[in-house]
Amino acid sequence: MTSSDQTDIELNTEEHNDRELEQIEIELLLEGIHRFYGYDFRNYALPSLRRRIWHHVHAEGLSSISSLQEKVLHERACFERLIYNLSIPVTEMFRDPNLFLTFRQKVVPLLRTYPYIRIWHAGCSTGEEVYSMAILLHEEGLYDKARIYATDMNSRSLQQAKEGVFDIKRMKQYTKNYLEAGGTRSFSEYYTAKYNSVIFHPFLKKNMIFAEHNLATDRSFNEFNVIFCRNVMIYFNDELRNHVHGLFHESLSHFGILVLGAKESIHFTNYSDSYEALDRAEKIYRKIK
């Protein structure tokens, strides 16, 4: 064996040990968060979780995951900042406009037959999708008989959703999305501009209910005709994904509608046989058993 080969072996061993130690640190951090705060990230997909944890380590001016664990467990404010980063509050109004257009065309006719409509936006983030649904139902004449339940585990995002205040710079893109989604009015009718923000009109919030809910740990709380959960479960491992699908299956009424994100699917879960595709391309499924 050459000295070069010996050096390579030592480097590989050192790298393996570093990875193993990092894995232990991540597991201890997540276990601590779960036991002390009740938030369960233990079944999140490791690669994206690892990236976000290290990002937060550096954002807090720390050098290791162990030091982050100490700060998280002793400083509530640090924990809340970490939760905000881990929950990935990324969304926009009428995101993927063709989905909302398809919803108008294929789901709204079904909703017209219901005496009362309950819709759950699970993982609603800062609420843009919730306001999009309220506008769509209003234009279809269905909002007065609807209740929209908007939940998220991130209290900071949820508070912004309740307020209905958004950056005015995003309205150009939101207006474009709205029109492509089949909007029938001027989008500016739904909000009032004030300085650098817009405030959506109060009538859009009259049938909204906001509440904290953690998909990993909390149970079903009602029966729904429609559940939206888009681009949330891509961060879960298979075990947690199946758990959440079980929660949704329990929560949906017979022939209820489940809407998933573009990179998500009902296939390869324990509940794939319980649904039929209402629109496979847009990931709109109907519960059949």
# chains A, B, ... in the order shown; residues from 1 in each chain; ligands from 1
$ residues_around --residues "Gly246 (chain A)" --least-positions-apart "2" --cutoff "12 Å" --atoms "only C-alpha atoms" --output "JSON, numbers by chain"
{"A": [215, 216, 219, 220, 239, 240, 241, 242, 243, 244, 248, 249, 250, 251, 252, 266, 269, 270, 271, 272, 274]}
$ closest_atom_pairs --of "region 29-96 of chain A" --to "region 125-144 of chain A" --cutoff "12 Å" --atoms "only C-alpha atoms" --output "CSV"
residue,atom,partner,partner_atom,distance
A:Tyr84,CA,A:Ser125,CA,9.8
A:Asn85,CA,A:Ser125,CA,11.6
A:Leu86,CA,A:Ser125,CA,11.7
A:Ser87,CA,A:Ser125,CA,8.1
A:Ile88,CA,A:Ser125,CA,8.0
A:Pro89,CA,A:Ser125,CA,5.1
A:Val90,CA,A:Ser125,CA,7.1
A:Thr91,CA,A:Glu128,CA,6.6
A:Glu92,CA,A:Glu128,CA,5.4
A:Met93,CA,A:Glu128,CA,4.7
A:Phe94,CA,A:Ser132,CA,5.7
A:Arg95,CA,A:Glu129,CA,7.4
A:Asp96,CA,A:Glu129,CA,10.5
$ select_by_dssp --residues "region 137-252 of chain A" --states "helix (DSSP H, G or I)" --output "PyMOL selection string"
chain A and resi 137-139+143-145+155-163+168-180+187-190+202-205+233-235+238-251
$ atom_distance --atom1 "CA of Pro47 (chain A)" --atom2 "CA of Arg280 (chain A)"
27.9 Å
$ closest_residue --among "A:Thr175, A:Asn207, A:Asn231, A:Ser63" --to "Lys263 (chain A)" --atoms "only C-alpha atoms"
A:Asn231
$ closest_residue --among "A:Ala193, A:Leu204, A:Ile257, A:Ala211" --to "Gln159 (chain A)" --atoms "only C-alpha atoms"
A:Ala211
$ closest_residue --among "A:Pro202, A:Gly182, A:Gly164, A:Gly261" --to "Phe100 (chain A)" --atoms "only C-alpha atoms"
A:Gly182
$ select_by_dssp --residues "region 136-207 of chain A" --states "strand (DSSP E or B)" --output "JSON, numbers by chain"
{"A": [146, 147, 148, 149, 150, 151, 152, 165, 166, 167, 191, 192, 193, 194, 197, 198, 199, 200]}
$ residues_around --residues "Ile65 (chain A)" --least-positions-apart "5" --cutoff "9 Å" --atoms "only C-alpha atoms" --output "PDB file with all heavy atoms, in the first residue's frame"
ATOM      1  N   GLU A  22     -22.612  13.965  12.429  1.00  0.00           N
ATOM      2  CA  GLU A  22     -23.639  14.907  11.999  1.00  0.00           C
ATOM      3  C   GLU A  22     -25.030  14.281  12.107  1.00  0.00           C
ATOM      4  O   GLU A  22     -25.985  14.929  12.560  1.00  0.00           O
ATOM      5  CB  GLU A  22     -23.376  15.352  10.558  1.00  0.00           C
ATOM      6  CG  GLU A  22     -24.414  16.320  10.016  1.00  0.00           C
ATOM      7  CD  GLU A  22     -24.249  16.534   8.530  1.00  0.00           C
ATOM      8  OE1 GLU A  22     -24.486  15.568   7.764  1.00  0.00           O
ATOM      9  OE2 GLU A  22     -23.910  17.654   8.123  1.00  0.00           O
ATOM     10  N   GLU A  25     -26.092  14.268  15.663  1.00  0.00           N
ATOM     11  CA  GLU A  25     -26.455  15.621  16.100  1.00  0.00           C
ATOM     12  C   GLU A  25     -27.849  16.002  15.606  1.00  0.00           C
ATOM     13  O   GLU A  25     -28.648  16.596  16.351  1.00  0.00           O
ATOM     14  CB  GLU A  25     -25.437  16.629  15.575  1.00  0.00           C
ATOM     15  CG  GLU A  25     -24.101  16.593  16.287  1.00  0.00           C
ATOM     16  CD  GLU A  25     -23.181  17.682  15.770  1.00  0.00           C
ATOM     17  OE1 GLU A  25     -22.899  17.690  14.562  1.00  0.00           O
ATOM     18  OE2 GLU A  25     -22.766  18.531  16.576  1.00  0.00           O
ATOM     19  N   ILE A  26     -28.153  15.681  14.345  1.00  0.00           N
ATOM     20  CA  ILE A  26     -29.470  15.997  13.788  1.00  0.00           C
ATOM     21  C   ILE A  26     -30.558  15.241  14.542  1.00  0.00           C
ATOM     22  O   ILE A  26     -31.596  15.812  14.909  1.00  0.00           O
ATOM     23  CB  ILE A  26     -29.520  15.664  12.279  1.00  0.00           C
ATOM     24  CG1 ILE A  26     -28.633  16.635  11.495  1.00  0.00           C
ATOM     25  CG2 ILE A  26     -30.957  15.721  11.755  1.00  0.00           C
ATOM     26  CD1 ILE A  26     -28.490  16.290  10.019  1.00  0.00           C
ATOM     27  N   LEU A  29     -31.076  16.800  17.937  1.00  0.00           N
ATOM     28  CA  LEU A  29     -31.780  18.073  17.813  1.00  0.00           C
ATOM     29  C   LEU A  29     -33.279  17.849  17.610  1.00  0.00           C
ATOM     30  O   LEU A  29     -34.115  18.460  18.295  1.00  0.00           O
ATOM     31  CB  LEU A  29     -31.212  18.875  16.636  1.00  0.00           C
ATOM     32  CG  LEU A  29     -31.992  20.135  16.234  1.00  0.00           C
ATOM     33  CD1 LEU A  29     -31.964  21.167  17.351  1.00  0.00           C
ATOM     34  CD2 LEU A  29     -31.426  20.717  14.935  1.00  0.00           C
ATOM     35  N   ILE A  53     -31.216  22.950   8.313  1.00  0.00           N
ATOM     36  CA  ILE A  53     -30.626  23.032   9.650  1.00  0.00           C
ATOM     37  C   ILE A  53     -29.278  23.745   9.593  1.00  0.00           C
ATOM     38  O   ILE A  53     -29.002  24.651  10.397  1.00  0.00           O
ATOM     39  CB  ILE A  53     -30.481  21.625  10.264  1.00  0.00           C
ATOM     40  CG1 ILE A  53     -31.856  21.079  10.661  1.00  0.00           C
ATOM     41  CG2 ILE A  53     -29.556  21.668  11.486  1.00  0.00           C
ATOM     42  CD1 ILE A  53     -31.827  19.639  11.131  1.00  0.00           C
ATOM     43  N   TRP A  54     -28.424  23.381   8.633  1.00  0.00           N
ATOM     44  CA  TRP A  54     -27.124  24.029   8.525  1.00  0.00           C
ATOM     45  C   TRP A  54     -27.263  25.504   8.165  1.00  0.00           C
ATOM     46  O   TRP A  54     -26.506  26.351   8.657  1.00  0.00           O
ATOM     47  CB  TRP A  54     -26.246  23.310   7.500  1.00  0.00           C
ATOM     48  CG  TRP A  54     -25.475  22.185   8.098  1.00  0.00           C
ATOM     49  CD1 TRP A  54     -25.608  20.853   7.855  1.00  0.00           C
ATOM     50  CD2 TRP A  54     -24.427  22.294   9.076  1.00  0.00           C
ATOM     51  NE1 TRP A  54     -24.724  20.127   8.611  1.00  0.00           N
ATOM     52  CE2 TRP A  54     -23.976  20.976   9.371  1.00  0.00           C
ATOM     53  CE3 TRP A  54     -23.816  23.363   9.729  1.00  0.00           C
ATOM     54  CZ2 TRP A  54     -22.967  20.724  10.285  1.00  0.00           C
ATOM     55  CZ3 TRP A  54     -22.802  23.112  10.641  1.00  0.00           C
ATOM     56  CH2 TRP A  54     -22.384  21.807  10.905  1.00  0.00           C
ATOM     57  N   VAL A  57     -27.987  27.098  11.384  1.00  0.00           N
ATOM     58  CA  VAL A  57     -26.783  27.145  12.223  1.00  0.00           C
ATOM     59  C   VAL A  57     -25.971  28.396  11.890  1.00  0.00           C
ATOM     60  O   VAL A  57     -25.560  29.164  12.775  1.00  0.00           O
ATOM     61  CB  VAL A  57     -25.921  25.875  12.016  1.00  0.00           C
ATOM     62  CG1 VAL A  57     -24.540  26.064  12.645  1.00  0.00           C
ATOM     63  CG2 VAL A  57     -26.599  24.655  12.630  1.00  0.00           C
ATOM     64  N   GLU A  70     -28.492  23.375  21.772  1.00  0.00           N
ATOM     65  CA  GLU A  70     -28.442  24.034  23.078  1.00  0.00           C
ATOM     66  C   GLU A  70     -29.213  25.353  23.056  1.00  0.00           C
ATOM     67  O   GLU A  70     -30.017  25.644  23.950  1.00  0.00           O
ATOM     68  CB  GLU A  70     -26.989  24.297  23.484  1.00  0.00           C
ATOM     69  CG  GLU A  70     -26.872  24.979  24.839  1.00  0.00           C
ATOM     70  CD  GLU A  70     -25.429  25.251  25.236  1.00  0.00           C
ATOM     71  OE1 GLU A  70     -24.529  25.020  24.400  1.00  0.00           O
ATOM     72  OE2 GLU A  70     -25.210  25.686  26.379  1.00  0.00           O
TER      73      GLU A  70
END
$ residues_around --residues "Tyr285 (chain A)" --least-positions-apart "6" --cutoff "12 Å" --atoms "only C-alpha atoms" --output "VMD selection string"
chain A and resid 103 106 to 107 225 to 229 248 to 249 252 254 to 261 264 to 267 271 to 279
$ residues_around --residues "Leu158 (chain A)" --least-positions-apart "3" --cutoff "9 Å" --atoms "only C-alpha atoms" --output "list in words"
Cys124, Ser125, Thr126, Gly127, Ala150, Thr151, Asp152, Met153, Asn154, Ser155, Ala161, Lys162, Glu163, Phe210, Ala211 and Glu212 of chain A
$ closest_residue --among "A:Ile209, A:Leu110, A:Asn98, A:Gly123" --to "Arg286 (chain A)" --atoms "only C-alpha atoms"
A:Leu110
$ atom_distance --atom1 "CA of Arg76 (chain A)" --atom2 "CA of His121 (chain A)"
27.4 Å
$ residues_around --residues "His201 (chain A)" --least-positions-apart "4" --cutoff "8 Å" --atoms "only C-alpha atoms" --output "MDAnalysis selection string"
chainID A and resid 190:192 205
$ write_last_selection --atoms "C-alpha atoms" --output "PDB file, in the first residue's frame"
ATOM      1  CA  TYR A 190     -60.196  42.508  -4.084  1.00  0.00           C
ATOM      2  CA  TYR A 191     -57.638  44.606  -2.240  1.00  0.00           C
ATOM      3  CA  THR A 192     -56.738  48.122  -1.141  1.00  0.00           C
ATOM      4  CA  LYS A 205     -62.076  36.525   5.443  1.00  0.00           C
TER       5      LYS A 205
END
$ atom_distance --atom1 "CA of Leu101 (chain A)" --atom2 "CA of Asn222 (chain A)"
26.8 Å
$ residues_around --residues "Phe187 (chain A)" --least-positions-apart "4" --cutoff "10 Å" --atoms "only C-alpha atoms" --output "list in words"
Ile135, Met171, Lys172, Tyr174, Thr175, Lys176, Asn177, Tyr178, Leu179, Gly183 and Tyr191 of chain A
$ write_last_selection --atoms "all heavy atoms" --output "short mmCIF file (atom, residue, chain, number, x, y, z; two decimals), in the first residue's frame"
data_model
loop_
_atom_site.label_atom_id
_atom_site.label_comp_id
_atom_site.auth_asym_id
_atom_site.auth_seq_id
_atom_site.Cartn_x
_atom_site.Cartn_y
_atom_site.Cartn_z
N ILE A 135 -61.59 33.93 -3.36
CA ILE A 135 -61.93 34.70 -4.55
C ILE A 135 -62.62 33.82 -5.58
O ILE A 135 -63.63 34.19 -6.18
CB ILE A 135 -60.67 35.36 -5.14
CG1 ILE A 135 -60.18 36.47 -4.20
CG2 ILE A 135 -60.93 35.91 -6.53
CD1 ILE A 135 -58.81 37.03 -4.55
N MET A 171 -48.13 41.95 -6.66
CA MET A 171 -49.46 42.01 -7.25
C MET A 171 -49.44 41.84 -8.78
O MET A 171 -50.40 41.32 -9.36
CB MET A 171 -50.17 43.31 -6.88
CG MET A 171 -50.57 43.38 -5.42
SD MET A 171 -51.57 41.98 -4.83
CE MET A 171 -50.38 41.19 -3.73
N LYS A 172 -48.38 42.26 -9.42
CA LYS A 172 -48.30 42.09 -10.87
C LYS A 172 -48.32 40.62 -11.23
O LYS A 172 -49.08 40.19 -12.13
CB LYS A 172 -47.04 42.77 -11.42
CG LYS A 172 -46.92 42.67 -12.94
CD LYS A 172 -45.67 43.43 -13.43
CE LYS A 172 -45.56 43.33 -14.95
NZ LYS A 172 -44.36 44.06 -15.45
N TYR A 174 -49.35 38.17 -9.24
CA TYR A 174 -50.60 37.60 -8.76
C TYR A 174 -51.75 37.89 -9.72
O TYR A 174 -52.62 37.05 -9.94
CB TYR A 174 -50.94 38.14 -7.38
CG TYR A 174 -50.03 37.65 -6.27
CD1 TYR A 174 -50.19 38.11 -4.96
CD2 TYR A 174 -49.02 36.73 -6.51
CE1 TYR A 174 -49.37 37.67 -3.94
CE2 TYR A 174 -48.18 36.28 -5.49
CZ TYR A 174 -48.37 36.76 -4.21
OH TYR A 174 -47.55 36.32 -3.21
N THR A 175 -51.74 39.09 -10.30
CA THR A 175 -52.78 39.45 -11.26
C THR A 175 -52.69 38.57 -12.51
O THR A 175 -53.70 38.08 -13.03
CB THR A 175 -52.65 40.94 -11.67
OG1 THR A 175 -52.80 41.75 -10.50
CG2 THR A 175 -53.71 41.32 -12.70
N LYS A 176 -51.47 38.34 -12.96
CA LYS A 176 -51.26 37.46 -14.11
C LYS A 176 -51.77 36.04 -13.79
O LYS A 176 -52.47 35.42 -14.60
CB LYS A 176 -49.77 37.42 -14.46
CG LYS A 176 -49.40 36.54 -15.64
CD LYS A 176 -47.90 36.66 -15.94
CE LYS A 176 -47.48 35.81 -17.13
NZ LYS A 176 -47.60 34.36 -16.84
N ASN A 177 -51.41 35.53 -12.61
CA ASN A 177 -51.88 34.21 -12.21
C ASN A 177 -53.40 34.15 -12.15
O ASN A 177 -54.02 33.18 -12.62
CB ASN A 177 -51.32 33.84 -10.82
CG ASN A 177 -49.83 33.57 -10.83
OD1 ASN A 177 -49.19 33.53 -11.89
ND2 ASN A 177 -49.26 33.39 -9.66
N TYR A 178 -53.99 35.17 -11.57
CA TYR A 178 -55.45 35.23 -11.42
C TYR A 178 -56.16 35.16 -12.76
O TYR A 178 -57.13 34.40 -12.93
CB TYR A 178 -55.82 36.52 -10.67
CG TYR A 178 -57.27 36.93 -10.76
CD1 TYR A 178 -58.25 36.27 -10.02
CD2 TYR A 178 -57.67 37.98 -11.59
CE1 TYR A 178 -59.58 36.65 -10.10
CE2 TYR A 178 -58.98 38.37 -11.66
CZ TYR A 178 -59.94 37.70 -10.92
OH TYR A 178 -61.26 38.08 -11.01
N LEU A 179 -55.69 35.91 -13.72
CA LEU A 179 -56.32 35.91 -15.04
C LEU A 179 -56.15 34.57 -15.73
O LEU A 179 -57.09 34.06 -16.36
CB LEU A 179 -55.74 37.05 -15.89
CG LEU A 179 -56.05 38.47 -15.39
CD1 LEU A 179 -55.29 39.50 -16.21
CD2 LEU A 179 -57.56 38.73 -15.44
N GLY A 183 -59.93 34.04 -13.73
CA GLY A 183 -60.53 35.17 -13.03
C GLY A 183 -61.44 35.98 -13.94
O GLY A 183 -61.12 36.20 -15.11
N TYR A 191 -58.55 44.10 -3.27
CA TYR A 191 -57.64 44.61 -2.24
C TYR A 191 -57.53 46.12 -2.31
O TYR A 191 -57.91 46.76 -3.30
CB TYR A 191 -56.26 43.97 -2.37
CG TYR A 191 -55.53 44.26 -3.68
CD1 TYR A 191 -54.85 45.46 -3.89
CD2 TYR A 191 -55.52 43.33 -4.71
CE1 TYR A 191 -54.19 45.72 -5.08
CE2 TYR A 191 -54.86 43.57 -5.90
CZ TYR A 191 -54.20 44.77 -6.09
OH TYR A 191 -53.55 45.03 -7.27
#
$ closest_residue --among "A:Ser253, A:Thr113, A:Gln69, A:Gln173" --to "Lys145 (chain A)" --atoms "only C-alpha atoms"
A:Thr113
